>>> print(open('coords-v2.pdb').read())   # PDB, C-alpha atoms
ATOM      1  CA  MET A   1      26.821  16.468 -32.624
ATOM      2  CA  ASP A   2      23.349  16.005 -31.069
ATOM      3  CA  ILE A   3      21.113  12.953 -30.940
ATOM      4  CA  ASN A   4      17.448  12.369 -30.070
ATOM      5  CA  VAL A   5      17.080  10.365 -26.841
ATOM      6  CA  LYS A   6      14.323   8.124 -28.232
ATOM      7  CA  ALA A   7      16.356   7.504 -31.418
ATOM      8  CA  PHE A   8      19.351   6.569 -29.250
ATOM      9  CA  GLN A   9      17.296   4.048 -27.234
ATOM     10  CA  ASP A  10      15.812   2.499 -30.372
ATOM     11  CA  ALA A  11      19.251   2.098 -31.970
ATOM     12  CA  ILE A  12      20.622   0.279 -28.904
ATOM     13  CA  ALA A  13      17.527  -1.930 -28.599
ATOM     14  CA  GLU A  14      17.834  -2.921 -32.273
ATOM     15  CA  ASP A  15      21.639  -3.430 -32.121
ATOM     16  CA  ASN A  16      22.002  -0.650 -34.679
ATOM     17  CA  PHE A  17      25.491   0.394 -33.612
ATOM     18  CA  GLU A  18      29.109  -0.580 -34.244
ATOM     19  CA  LYS A  19      30.450  -3.196 -31.856
ATOM     20  CA  THR A  20      34.091  -4.295 -31.748
ATOM     21  CA  THR A  21      36.117  -6.475 -29.335
ATOM     22  CA  HIS A  22      39.889  -6.719 -28.923
ATOM     23  CA  THR A  23      41.909  -8.957 -26.604
ATOM     24  CA  VAL A  24      45.223  -8.397 -24.859
ATOM     25  CA  THR A  25      47.132  -9.923 -21.959
ATOM     26  CA  GLN A  26      47.075  -8.131 -18.629
ATOM     27  CA  THR A  27      50.838  -7.974 -18.710
ATOM     28  CA  ALA A  28      50.763  -6.091 -22.019
ATOM     29  CA  LEU A  29      48.015  -3.769 -20.783
ATOM     30  CA  LEU A  30      49.869  -2.931 -17.587
ATOM     31  CA  ALA A  31      53.177  -2.491 -19.397
ATOM     32  CA  ASP A  32      51.903  -0.174 -22.171
ATOM     33  CA  PRO A  33      48.298   1.047 -21.846
ATOM     34  CA  ALA A  34      48.649   3.443 -24.796
ATOM     35  CA  ALA A  35      49.546   0.634 -27.219
ATOM     36  CA  ALA A  36      46.772  -1.615 -25.834
ATOM     37  CA  LEU A  37      44.173   1.164 -26.273
ATOM     38  CA  ALA A  38      45.178   2.157 -29.788
ATOM     39  CA  PRO A  39      42.616  -0.177 -31.502
ATOM     40  CA  LEU A  40      39.813   1.391 -29.461
ATOM     41  CA  PHE A  41      40.720   4.907 -30.566
ATOM     42  CA  ALA A  42      40.787   3.767 -34.183
ATOM     43  CA  ASP A  43      37.281   2.333 -33.852
ATOM     44  CA  LEU A  44      36.032   5.533 -32.205
ATOM     45  CA  ASP A  45      37.413   7.739 -34.968
ATOM     46  CA  GLN A  46      35.761   5.616 -37.636
ATOM     47  CA  ALA A  47      32.335   5.482 -35.901
ATOM     48  CA  LEU A  48      32.169   9.229 -35.272
ATOM     49  CA  ALA A  49      33.220   9.994 -38.817
ATOM     50  CA  ALA A  50      30.380   7.781 -40.108
ATOM     51  CA  GLY A  51      27.864   9.200 -37.603
ATOM     52  CA  ASN A  52      27.356   5.823 -35.909
ATOM     53  CA  LEU A  53      27.091   4.836 -32.296
ATOM     54  CA  LEU A  54      29.976   2.731 -30.952
ATOM     55  CA  GLN A  55      30.796   0.135 -28.298
ATOM     56  CA  ALA A  56      34.521  -0.764 -28.550
ATOM     57  CA  SER A  57      35.816  -3.284 -25.977
ATOM     58  CA  LEU A  58      39.282  -4.349 -24.871
ATOM     59  CA  VAL A  59      39.437  -7.580 -22.827
ATOM     60  CA  ALA A  60      42.586  -8.268 -20.803
ATOM     61  CA  ASP A  61      42.691 -11.973 -19.962
ATOM     62  CA  GLY A  62      44.262 -13.099 -16.710
ATOM     63  CA  GLU A  63      43.480 -14.417 -13.230
ATOM     64  CA  ASP A  64      40.796 -11.713 -12.909
ATOM     65  CA  GLU A  65      39.517 -10.333 -16.203
ATOM     66  CA  ILE A  66      39.830  -6.602 -16.810
ATOM     67  CA  GLY A  67      37.642  -4.863 -19.373
ATOM     68  CA  VAL A  68      38.130  -1.451 -20.970
ATOM     69  CA  ARG A  69      35.349  -0.002 -23.175
ATOM     70  CA  LEU A  70      34.626   3.163 -25.085
ATOM     71  CA  GLU A  71      30.922   3.878 -25.676
ATOM     72  CA  THR A  72      29.127   6.815 -27.267
ATOM     73  CA  GLY A  73      25.963   7.717 -25.391
ATOM     74  CA  VAL A  74      23.775  10.463 -23.911
ATOM     75  CA  ILE A  75      24.159   9.858 -20.158
ATOM     76  CA  ASN A  76      26.580   8.014 -17.892
ATOM     77  CA  LEU A  77      24.856   4.650 -18.250
ATOM     78  CA  PRO A  78      26.247   1.686 -20.216
ATOM     79  CA  PHE A  79      24.397   0.414 -23.287
ATOM     80  CA  ALA A  80      23.018  -2.450 -21.176
ATOM     81  CA  ASP A  81      20.995   0.106 -19.171
ATOM     82  CA  SER A  82      19.848   2.258 -22.109
ATOM     83  CA  LYS A  83      16.174   1.750 -21.178
ATOM     84  CA  LYS A  84      16.772   3.720 -17.969
ATOM     85  CA  VAL A  85      17.928   6.848 -19.855
ATOM     86  CA  THR A  86      14.399   8.293 -19.969
ATOM     87  CA  ASN A  87      14.319   8.226 -16.153
ATOM     88  CA  PHE A  88      16.724  11.166 -16.319
ATOM     89  CA  VAL A  89      16.245  12.724 -19.785
ATOM     90  CA  ALA A  90      13.033  13.331 -21.735
ATOM     91  CA  ALA A  91      12.579  10.935 -24.648
ATOM     92  CA  ASP A  92      11.769  13.675 -27.153
ATOM     93  CA  SER A  93      14.753  15.855 -26.266
ATOM     94  CA  ALA A  94      17.948  16.268 -28.333
ATOM     95  CA  VAL A  95      21.187  16.068 -26.345
ATOM     96  CA  PRO A  96      24.909  16.151 -27.212
ATOM     97  CA  LEU A  97      26.467  12.761 -28.022
ATOM     98  CA  LYS A  98      29.256  12.004 -25.538
ATOM     99  CA  VAL A  99      32.178   9.583 -25.168
ATOM    100  CA  TYR A 100      32.336   7.399 -22.032
ATOM    101  CA  LEU A 101      35.136   5.257 -20.582
ATOM    102  CA  ILE A 102      34.026   2.071 -18.807
ATOM    103  CA  ILE A 103      36.332  -0.126 -16.678
ATOM    104  CA  THR A 104      35.148  -3.531 -15.409
ATOM    105  CA  SER A 105      36.992  -5.603 -12.789
ATOM    106  CA  PRO A 106      36.232  -7.328  -9.457
ATOM    107  CA  PHE A 107      38.783  -4.946  -7.881
ATOM    108  CA  VAL A 108      37.889  -1.606  -9.450
ATOM    109  CA  ASN A 109      35.090  -0.922  -6.916
ATOM    110  CA  VAL A 110      32.224  -2.594  -5.073
ATOM    111  CA  SER A 111      29.952  -2.702  -8.129
ATOM    112  CA  HIS A 112      32.800  -4.069 -10.332
ATOM    113  CA  LEU A 113      32.084  -1.331 -12.896
ATOM    114  CA  ARG A 114      33.278   2.252 -13.222
ATOM    115  CA  ILE A 115      31.941   4.641 -15.893
ATOM    116  CA  ASP A 116      33.313   8.134 -16.504
ATOM    117  CA  GLU A 117      32.503  10.807 -19.060
ATOM    118  CA  VAL A 118      35.470  11.602 -21.299
ATOM    119  CA  THR A 119      34.036  14.485 -23.301
ATOM    120  CA  THR A 120      31.468  15.293 -25.987
ATOM    121  CA  ALA A 121      31.890  13.785 -29.439
ATOM    122  CA  ASP A 122      32.517  17.245 -30.908
ATOM    123  CA  ASN A 123      35.279  18.032 -28.400
ATOM    124  CA  TYR A 124      36.923  14.692 -29.032
ATOM    125  CA  LEU A 125      37.059  15.282 -32.785
ATOM    126  CA  ALA A 126      38.390  18.774 -32.202
ATOM    127  CA  GLY A 127      41.338  17.567 -30.091
ATOM    128  CA  LYS A 128      41.922  13.846 -30.554
ATOM    129  CA  ASN A 129      45.479  13.741 -29.233
ATOM    130  CA  SER A 130      44.766  15.499 -25.960
ATOM    131  CA  GLN A 131      41.549  13.560 -25.442
ATOM    132  CA  GLN A 132      43.255  10.225 -26.098
ATOM    133  CA  ALA A 133      46.051  11.136 -23.679
ATOM    134  CA  ALA A 134      43.438  11.916 -21.017
ATOM    135  CA  VAL A 135      41.792   8.523 -21.601
ATOM    136  CA  ILE A 136      45.135   6.703 -21.343
ATOM    137  CA  ALA A 137      45.965   8.484 -18.057
ATOM    138  CA  ASP A 138      42.542   7.625 -16.659
ATOM    139  CA  VAL A 139      42.943   3.940 -17.604
ATOM    140  CA  GLN A 140      46.408   3.865 -15.987
ATOM    141  CA  GLU A 141      44.949   5.288 -12.768
ATOM    142  CA  LYS A 142      42.204   2.624 -12.673
ATOM    143  CA  LEU A 143      44.749  -0.152 -13.352
ATOM    144  CA  ASP A 144      46.780   1.016 -10.348
ATOM    145  CA  VAL A 145      43.664   0.877  -8.156
ATOM    146  CA  ILE A 146      42.891  -2.621  -9.401
ATOM    147  CA  GLU A 147      46.419  -3.868  -8.649
ATOM    148  CA  THR A 148      46.392  -2.308  -5.171
ATOM    149  CA  ASN A 149      43.011  -3.784  -4.255
ATOM    150  CA  ARG A 150      44.032  -7.170  -5.617
ATOM    151  CA  LYS A 151      47.127  -7.344  -3.401
ATOM    152  CA  THR A 152      45.448  -5.926  -0.299
ATOM    153  CA  PRO A 153      43.832  -8.567   1.952
ATOM    154  CA  LYS A 154      40.136  -8.114   2.454
ATOM    155  CA  PRO A 155      39.498  -7.004   6.057
ATOM    156  CA  ALA A 156      35.802  -7.817   5.810
ATOM    157  CA  ALA A 157      36.430 -11.563   5.459
ATOM    158  CA  PRO A 158      36.638 -12.453   9.220
ATOM    159  CA  ALA A 159      33.616 -10.287  10.119
ATOM    160  CA  PRO A 160      30.935 -12.483   8.497
ATOM    161  CA  ALA A 161      32.317 -15.579  10.284
ATOM    162  CA  ALA A 162      32.028 -13.888  13.691
ATOM    163  CA  ARG A 163      28.484 -12.720  13.017
ATOM    164  CA  THR A 164      27.406 -16.153  11.832
ATOM    165  CA  THR A 165      28.790 -17.795  14.991
ATOM    166  CA  SER A 166      27.032 -15.370  17.328
ATOM    167  CA  ARG A 167      23.731 -15.818  15.530
ATOM    168  CA  SER A 168      23.998 -19.585  15.728
ATOM    169  CA  THR A 169      24.714 -19.438  19.479
ATOM    170  CA  THR A 170      21.753 -17.165  20.090
ATOM    171  CA  THR A 171      19.458 -19.435  18.117
ATOM    172  CA  ARG A 172      20.520 -22.512  20.095
ATOM    173  CA  GLY A 173      19.895 -20.750  23.395
ATOM    174  CA  LYS A 174      16.359 -19.759  22.438
ATOM    175  CA  THR A 175      15.305 -22.966  20.728
ATOM    176  CA  PRO A 176      15.154 -25.334  23.789
ATOM    177  CA  ARG A 177      13.131 -22.882  25.917
ATOM    178  CA  LYS A 178      10.251 -22.289  23.539
ATOM    179  CA  PRO A 179       9.375 -25.949  22.834
ATOM    180  CA  SER A 180       9.650 -26.767  26.589
ATOM    181  CA  ALA A 181       7.125 -24.111  27.564
ATOM    182  CA  ARG A 182       4.714 -25.155  24.847
ATOM    183  CA  THR A 183       4.917 -28.857  25.824
ATOM    184  CA  THR A 184       4.142 -28.113  29.505
ATOM    185  CA  ASN A 185       1.089 -26.052  28.636
ATOM    186  CA  THR A 186      -0.231 -28.780  26.376
ATOM    187  CA  VAL A 187       0.002 -31.435  29.117
ATOM    188  CA  LYS A 188      -1.810 -29.267  31.667
ATOM    189  CA  ALA A 189      -4.557 -28.481  29.251
ATOM    190  CA  GLY A 190      -4.988 -32.164  28.502
ATOM    191  CA  SER A 191      -5.143 -33.142  32.197
ATOM    192  CA  ARG A 192      -7.865 -30.603  32.900
ATOM    193  CA  LYS A 193      -9.965 -31.986  30.122
ATOM    194  CA  LYS A 194      -9.697 -35.535  31.534
ATOM    195  CA  VAL A 195     -10.753 -34.496  35.075
ATOM    196  CA  THR A 196     -13.770 -32.667  33.751
ATOM    197  CA  ALA A 197     -14.825 -35.717  31.798
ATOM    198  CA  LYS A 198     -14.740 -37.946  34.932
ATOM    199  CA  THR A 199     -16.795 -35.493  36.988
ATOM    200  CA  ALA A 200     -19.425 -35.358  34.309
ATOM    201  CA  THR A 201     -19.722 -39.151  34.356
ATOM    202  CA  LYS A 202     -20.306 -39.286  38.121
ATOM    203  CA  ALA A 203     -22.944 -36.591  37.912
ATOM    204  CA  LYS A 204     -24.852 -38.609  35.351
ATOM    205  CA  ALA A 205     -24.684 -41.786  37.510
ATOM    206  CA  ALA A 206     -26.312 -40.072  40.566
ATOM    207  CA  PRO A 207     -29.823 -39.833  39.099
ATOM    208  CA  LYS A 208     -29.829 -43.591  38.399
ATOM    209  CA  THR A 209     -29.166 -44.414  42.114
ATOM    210  CA  THR A 210     -31.992 -42.140  43.306
ATOM    211  CA  ALA A 211     -34.411 -43.742  40.884
ATOM    212  CA  LYS A 212     -33.740 -47.210  42.318
ATOM    213  CA  SER A 213     -34.335 -46.084  45.920
ATOM    214  CA  THR A 214     -37.677 -44.537  45.042
ATOM    215  CA  THR A 215     -38.855 -47.735  43.373
ATOM    216  CA  LYS A 216     -38.036 -49.917  46.403
ATOM    217  CA  ALA A 217     -39.696 -47.637  48.972
ATOM    218  CA  PRO A 218     -43.246 -48.044  47.694
ATOM    219  CA  ALA A 219     -42.811 -51.826  47.580
ATOM    220  CA  LYS A 220     -41.884 -52.035  51.310
ATOM    221  CA  THR A 221     -44.741 -49.776  52.344
ATOM    222  CA  ALA A 222     -47.273 -51.889  50.459
ATOM    223  CA  SER A 223     -46.170 -55.095  52.172
ATOM    224  CA  LYS A 224     -46.411 -53.560  55.676
ATOM    225  CA  THR A 225     -49.887 -52.228  55.010
ATOM    226  CA  THR A 226     -51.093 -55.645  53.942
ATOM    227  CA  THR A 227     -49.821 -57.207  57.172
ATOM    228  CA  LYS A 228     -51.585 -54.676  59.362
ATOM    229  CA  ALA A 229     -54.818 -55.229  57.504
ATOM    230  CA  ALA A 230     -54.605 -58.912  58.207
ATOM    231  CA  ALA A 231     -53.980 -58.197  61.890
ATOM    232  CA  LYS A 232     -57.108 -56.070  62.152
ATOM    233  CA  LYS A 233     -59.205 -58.796  60.601
ATOM    234  CA  SER A 234     -57.973 -61.343  63.161
ATOM    235  CA  PRO A 235     -59.552 -59.627  66.249
ATOM    236  CA  ALA A 236     -62.819 -59.469  64.429
ATOM    237  CA  THR A 237     -62.775 -63.182  63.934
ATOM    238  CA  LYS A 238     -61.990 -63.823  67.654
ATOM    239  CA  SER A 239     -64.909 -61.636  68.777
ATOM    240  CA  THR A 240     -67.307 -63.606  66.645
ATOM    241  CA  ALA A 241     -66.159 -66.894  68.154
ATOM    242  CA  ALA A 242     -66.525 -65.540  71.667
ATOM    243  CA  ALA A 243     -69.992 -64.376  70.883
ATOM    244  CA  LYS A 244     -70.922 -67.812  69.738
ATOM    245  CA  LYS A 245     -69.557 -69.325  72.973
ATOM    246  CA  THR A 246     -71.372 -66.780  75.147
ATOM    247  CA  THR A 247     -74.784 -67.491  73.630
ATOM    248  CA  PRO A 248     -74.989 -71.099  74.875
ATOM    249  CA  THR A 249     -74.157 -69.872  78.380
ATOM    250  CA  LYS A 250     -77.249 -67.712  78.402
ATOM    251  CA  ARG A 251     -79.339 -70.600  77.231
ATOM    252  CA  ALA A 252     -77.998 -72.666  80.116
ATOM    253  CA  THR A 253     -78.954 -69.976  82.583
ATOM    254  CA  LYS A 254     -82.487 -69.934  81.296
ATOM    255  CA  THR A 255     -82.814 -73.706  81.699
ATOM    256  CA  THR A 256     -81.621 -73.581  85.288
ATOM    257  CA  ALA A 257     -84.223 -70.961  86.112
ATOM    258  CA  THR A 258     -86.934 -73.075  84.562
ATOM    259  CA  LYS A 259     -85.961 -76.044  86.608
ATOM    260  CA  ALA A 260     -86.069 -74.007  89.847
ATOM    261  CA  ALA A 261     -89.565 -72.753  89.126
ATOM    262  CA  THR A 262     -90.806 -76.262  88.561
ATOM    263  CA  LYS A 263     -89.513 -77.421  91.890
ATOM    264  CA  LYS A 264     -91.329 -74.664  93.698
TER
END
>>> encode(input="coords-v2.pdb", output="structure tokens")
Amino acid sequence: MDINVKAFQDAIAEDNFEKTTHTVTQTALLADPAAALAPLFADLDQALAAGNLLQASLVADGEDEIGVRLETGVINLPFADSKKVTNFVAADSAVPLKVYLIITSPFVNVSHLRIDEVTTADNYLAGKNSQQAAVIADVQEKLDVIETNRKTPKPAAPAPAARTTSRSTTTRGKTPRKPSARTTNTVKAGSRKKVTAKTATKAKAAPKTTAKSTTKAPAKTASKTTTKAAAKKSPATKSTAAAKKTTPTKRATKTTATKAATKK
């Protein structure tokens, strides 16, 4: 029994397949897996006889839910991942239709899902009893694994706590140092800027002082020059007065001489 890969994907995308769900207690499933799985085998027989695809589920309620499913597909991927089939098989190819057993549980493995190929649809129809017995044995094996993992303490639980503590300690040690270094650099940079600003102010004030000194110097020189000029004029005035006094003396001398001549 072959099926086109693209036709298979389209049927799943359009929900064009038989879908059944049965419920059972975990106690009943663990006590008699063959009886619990009987409804799934009945659904599979009916779907294959009608040429339909099938997803038959058995849900075992309990503290941790266990799921058992039979799906007919083309590759070991659940119907939920049917779009990924063409990553492995060409869309236009025709492949044998197969029967897959899917177990879901938090304790079955890390991914919480295990899928195994049972056989091709043709082989199943050719030997139903043997194929069903193989499925029952496989389910029993997975149930034993689930029970063992459920009762076994998880050794990985303490490890995350230790790693979290060490990371927190490392973070605290590094945090105070970085802000301290940054704060010190900021203060030094600020102080240098202030000193530079003061120096610039003094440099600007110096030209003003020089300008004042230059202005006063010419004023003093002008006043001294005026005084000296006045002093030079004073001797000239004294010479003139002396000259005036000397002139009458000469006149007196002439008069005396005149009087002497007259006497002679």
>>> resolve_selection(input="coords-v2.pdb", expression="the PyMOL selection byres ((chain A and resi 148-150) around 10)", output="PDB file with C-alpha atoms, in the coordinates of the input")
ATOM      1  CA  ASP A  64      40.796 -11.713 -12.909  1.00  0.00           C
ATOM      2  CA  PRO A 106      36.232  -7.328  -9.457  1.00  0.00           C
ATOM      3  CA  PHE A 107      38.783  -4.946  -7.881  1.00  0.00           C
ATOM      4  CA  VAL A 108      37.889  -1.606  -9.450  1.00  0.00           C
ATOM      5  CA  ASN A 109      35.090  -0.922  -6.916  1.00  0.00           C
ATOM      6  CA  LYS A 142      42.204   2.624 -12.673  1.00  0.00           C
ATOM      7  CA  LEU A 143      44.749  -0.152 -13.352  1.00  0.00           C
ATOM      8  CA  ASP A 144      46.780   1.016 -10.348  1.00  0.00           C
ATOM      9  CA  VAL A 145      43.664   0.877  -8.156  1.00  0.00           C
ATOM     10  CA  ILE A 146      42.891  -2.621  -9.401  1.00  0.00           C
ATOM     11  CA  GLU A 147      46.419  -3.868  -8.649  1.00  0.00           C
ATOM     12  CA  LYS A 151      47.127  -7.344  -3.401  1.00  0.00           C
ATOM     13  CA  THR A 152      45.448  -5.926  -0.299  1.00  0.00           C
ATOM     14  CA  PRO A 153      43.832  -8.567   1.952  1.00  0.00           C
ATOM     15  CA  LYS A 154      40.136  -8.114   2.454  1.00  0.00           C
TER      16      LYS A 154
END
>>> residues_around(input="coords-v2.pdb", residues="stretch 74-77 of chain A", least_positions_apart="3", cutoff="12 Å", atoms="all atoms listed in the file", output="PyMOL selection string")
chain A and resi 1-9+12+53+70-71+80-91+93-102+113-121
>>> atom_distance(input="coords-v2.pdb", atom1="atom CA of A:Gln55", atom2="atom CA of A:Lys19")
4.9 Å
>>> atom_distance(input="coords-v2.pdb", atom1="atom CA of A:Asp61", atom2="atom CA of A:Val24")
6.6 Å
>>> residues_near_point(input="coords-v2.pdb", point="(42.5, 3.6, -30.4)", cutoff="12 Å", atoms="only C-alpha atoms", output="ChimeraX atom specification")
/A:20-22,33-47,56-58,68-70,128-129,131-133,135-136
>>> atom_distance(input="coords-v2.pdb", atom1="atom CA of A:Val59", atom2="atom CA of A:Thr23")
4.7 Å
>>> axis_aligned_box(input="coords-v2.pdb", around="stretch 25-44 of chain A", padding_each_side="4 Å", output="AutoDock Vina command-line options")
--center_x 44.6 --center_y -2.2 --center_z -25.9 --size_x 25.1 --size_y 23.5 --size_z 24.6
>>> decode(input="coords-v2.pdb", residues="stretch 32-118 of chain A", atoms="C-alpha atoms", output="PDB file, in the first residue's frame")
ATOM      1  CA  ASP A  32      -3.301  -5.359  31.237  1.00  0.00           C
ATOM      2  CA  PRO A  33      -1.785  -3.466  28.285  1.00  0.00           C
ATOM      3  CA  ALA A  34      -3.298  -5.866  25.732  1.00  0.00           C
ATOM      4  CA  ALA A  35      -6.864  -5.149  26.884  1.00  0.00           C
ATOM      5  CA  ALA A  36      -6.191  -1.381  27.035  1.00  0.00           C
ATOM      6  CA  LEU A  37      -4.803  -1.392  23.466  1.00  0.00           C
ATOM      7  CA  ALA A  38      -7.575  -3.459  21.919  1.00  0.00           C
ATOM      8  CA  PRO A  39      -9.666  -0.392  20.838  1.00  0.00           C
ATOM      9  CA  LEU A  40      -6.651   1.021  18.996  1.00  0.00           C
ATOM     10  CA  PHE A  41      -6.149  -2.161  16.989  1.00  0.00           C
ATOM     11  CA  ALA A  42      -9.824  -2.164  16.050  1.00  0.00           C
ATOM     12  CA  ASP A  43      -9.550   1.398  14.749  1.00  0.00           C
ATOM     13  CA  LEU A  44      -6.409   0.531  12.777  1.00  0.00           C
ATOM     14  CA  ASP A  45      -8.039  -2.459  11.100  1.00  0.00           C
ATOM     15  CA  GLN A  46     -11.027  -0.380  10.053  1.00  0.00           C
ATOM     16  CA  ALA A  47      -8.950   2.545   8.675  1.00  0.00           C
ATOM     17  CA  LEU A  48      -6.639   0.330   6.620  1.00  0.00           C
ATOM     18  CA  ALA A  49      -9.553  -1.626   5.227  1.00  0.00           C
ATOM     19  CA  ALA A  50     -11.169   1.646   4.084  1.00  0.00           C
ATOM     20  CA  GLY A  51      -7.874   3.038   2.733  1.00  0.00           C
ATOM     21  CA  ASN A  52      -7.875   5.952   5.191  1.00  0.00           C
ATOM     22  CA  LEU A  53      -5.152   7.494   7.265  1.00  0.00           C
ATOM     23  CA  LEU A  54      -5.497   7.030  11.037  1.00  0.00           C
ATOM     24  CA  GLN A  55      -4.551   8.650  14.345  1.00  0.00           C
ATOM     25  CA  ALA A  56      -5.877   6.472  17.216  1.00  0.00           C
ATOM     26  CA  SER A  57      -5.055   7.679  20.754  1.00  0.00           C
ATOM     27  CA  LEU A  58      -5.232   6.063  24.178  1.00  0.00           C
ATOM     28  CA  VAL A  59      -4.986   8.466  27.147  1.00  0.00           C
ATOM     29  CA  ALA A  60      -4.135   7.012  30.559  1.00  0.00           C
ATOM     30  CA  ASP A  61      -5.141   9.528  33.224  1.00  0.00           C
ATOM     31  CA  GLY A  62      -3.136   9.752  36.425  1.00  0.00           C
ATOM     32  CA  GLU A  63      -0.584  11.862  38.295  1.00  0.00           C
ATOM     33  CA  ASP A  64       1.444  12.109  35.063  1.00  0.00           C
ATOM     34  CA  GLU A  65      -0.535  11.498  31.885  1.00  0.00           C
ATOM     35  CA  ILE A  66       0.610   8.705  29.587  1.00  0.00           C
ATOM     36  CA  GLY A  67      -0.401   8.664  25.932  1.00  0.00           C
ATOM     37  CA  VAL A  68      -0.296   5.761  23.485  1.00  0.00           C
ATOM     38  CA  ARG A  69      -1.019   6.412  19.777  1.00  0.00           C
ATOM     39  CA  LEU A  70      -1.075   4.493  16.536  1.00  0.00           C
ATOM     40  CA  GLU A  71      -0.569   6.612  13.400  1.00  0.00           C
ATOM     41  CA  THR A  72      -0.255   5.687   9.736  1.00  0.00           C
ATOM     42  CA  GLY A  73       2.376   7.768   7.979  1.00  0.00           C
ATOM     43  CA  VAL A  74       5.336   7.852   5.581  1.00  0.00           C
ATOM     44  CA  ILE A  75       8.237   8.696   7.918  1.00  0.00           C
ATOM     45  CA  ASN A  76       8.898   8.579  11.654  1.00  0.00           C
ATOM     46  CA  LEU A  77       7.350  11.973  12.359  1.00  0.00           C
ATOM     47  CA  PRO A  78       4.016  12.520  14.139  1.00  0.00           C
ATOM     48  CA  PHE A  79       1.108  14.108  12.269  1.00  0.00           C
ATOM     49  CA  ALA A  80       1.867  17.402  14.039  1.00  0.00           C
ATOM     50  CA  ASP A  81       5.164  17.591  12.105  1.00  0.00           C
ATOM     51  CA  SER A  82       3.827  16.447   8.717  1.00  0.00           C
ATOM     52  CA  LYS A  83       5.081  19.641   7.029  1.00  0.00           C
ATOM     53  CA  LYS A  84       8.663  18.536   7.723  1.00  0.00           C
ATOM     54  CA  VAL A  85       8.263  15.275   5.751  1.00  0.00           C
ATOM     55  CA  THR A  86       9.487  16.881   2.515  1.00  0.00           C
ATOM     56  CA  ASN A  87      12.778  17.724   4.255  1.00  0.00           C
ATOM     57  CA  PHE A  88      13.549  14.009   4.009  1.00  0.00           C
ATOM     58  CA  VAL A  89      11.356  12.664   1.172  1.00  0.00           C
ATOM     59  CA  ALA A  90      10.544  14.231  -2.201  1.00  0.00           C
ATOM     60  CA  ALA A  91       6.994  15.568  -2.409  1.00  0.00           C
ATOM     61  CA  ASP A  92       6.242  13.875  -5.727  1.00  0.00           C
ATOM     62  CA  SER A  93       7.466  10.441  -4.656  1.00  0.00           C
ATOM     63  CA  ALA A  94       5.273   7.438  -3.749  1.00  0.00           C
ATOM     64  CA  VAL A  95       6.302   5.592  -0.584  1.00  0.00           C
ATOM     65  CA  PRO A  96       4.899   2.654   1.418  1.00  0.00           C
ATOM     66  CA  LEU A  97       2.338   3.582   4.092  1.00  0.00           C
ATOM     67  CA  LYS A  98       3.622   2.526   7.521  1.00  0.00           C
ATOM     68  CA  VAL A  99       2.280   2.054  11.058  1.00  0.00           C
ATOM     69  CA  TYR A 100       3.957   3.979  13.906  1.00  0.00           C
ATOM     70  CA  LEU A 101       3.702   3.622  17.692  1.00  0.00           C
ATOM     71  CA  ILE A 102       3.971   6.866  19.678  1.00  0.00           C
ATOM     72  CA  ILE A 103       4.371   7.037  23.483  1.00  0.00           C
ATOM     73  CA  THR A 104       4.115  10.380  25.318  1.00  0.00           C
ATOM     74  CA  SER A 105       5.083  10.902  28.971  1.00  0.00           C
ATOM     75  CA  PRO A 106       7.313  13.235  31.031  1.00  0.00           C
ATOM     76  CA  PHE A 107       9.308  10.117  32.014  1.00  0.00           C
ATOM     77  CA  VAL A 108       9.661   8.275  28.713  1.00  0.00           C
ATOM     78  CA  ASN A 109      12.694  10.360  27.627  1.00  0.00           C
ATOM     79  CA  VAL A 110      14.049  13.905  27.585  1.00  0.00           C
ATOM     80  CA  SER A 111      11.771  15.041  24.749  1.00  0.00           C
ATOM     81  CA  HIS A 112       8.700  13.432  26.426  1.00  0.00           C
ATOM     82  CA  LEU A 113       7.879  11.660  23.144  1.00  0.00           C
ATOM     83  CA  ARG A 114       9.034   8.377  21.644  1.00  0.00           C
ATOM     84  CA  ILE A 115       8.074   7.267  18.112  1.00  0.00           C
ATOM     85  CA  ASP A 116       8.908   3.858  16.651  1.00  0.00           C
ATOM     86  CA  GLU A 117       8.080   2.199  13.349  1.00  0.00           C
ATOM     87  CA  VAL A 118       5.957  -0.922  13.799  1.00  0.00           C
TER      88      VAL A 118
END
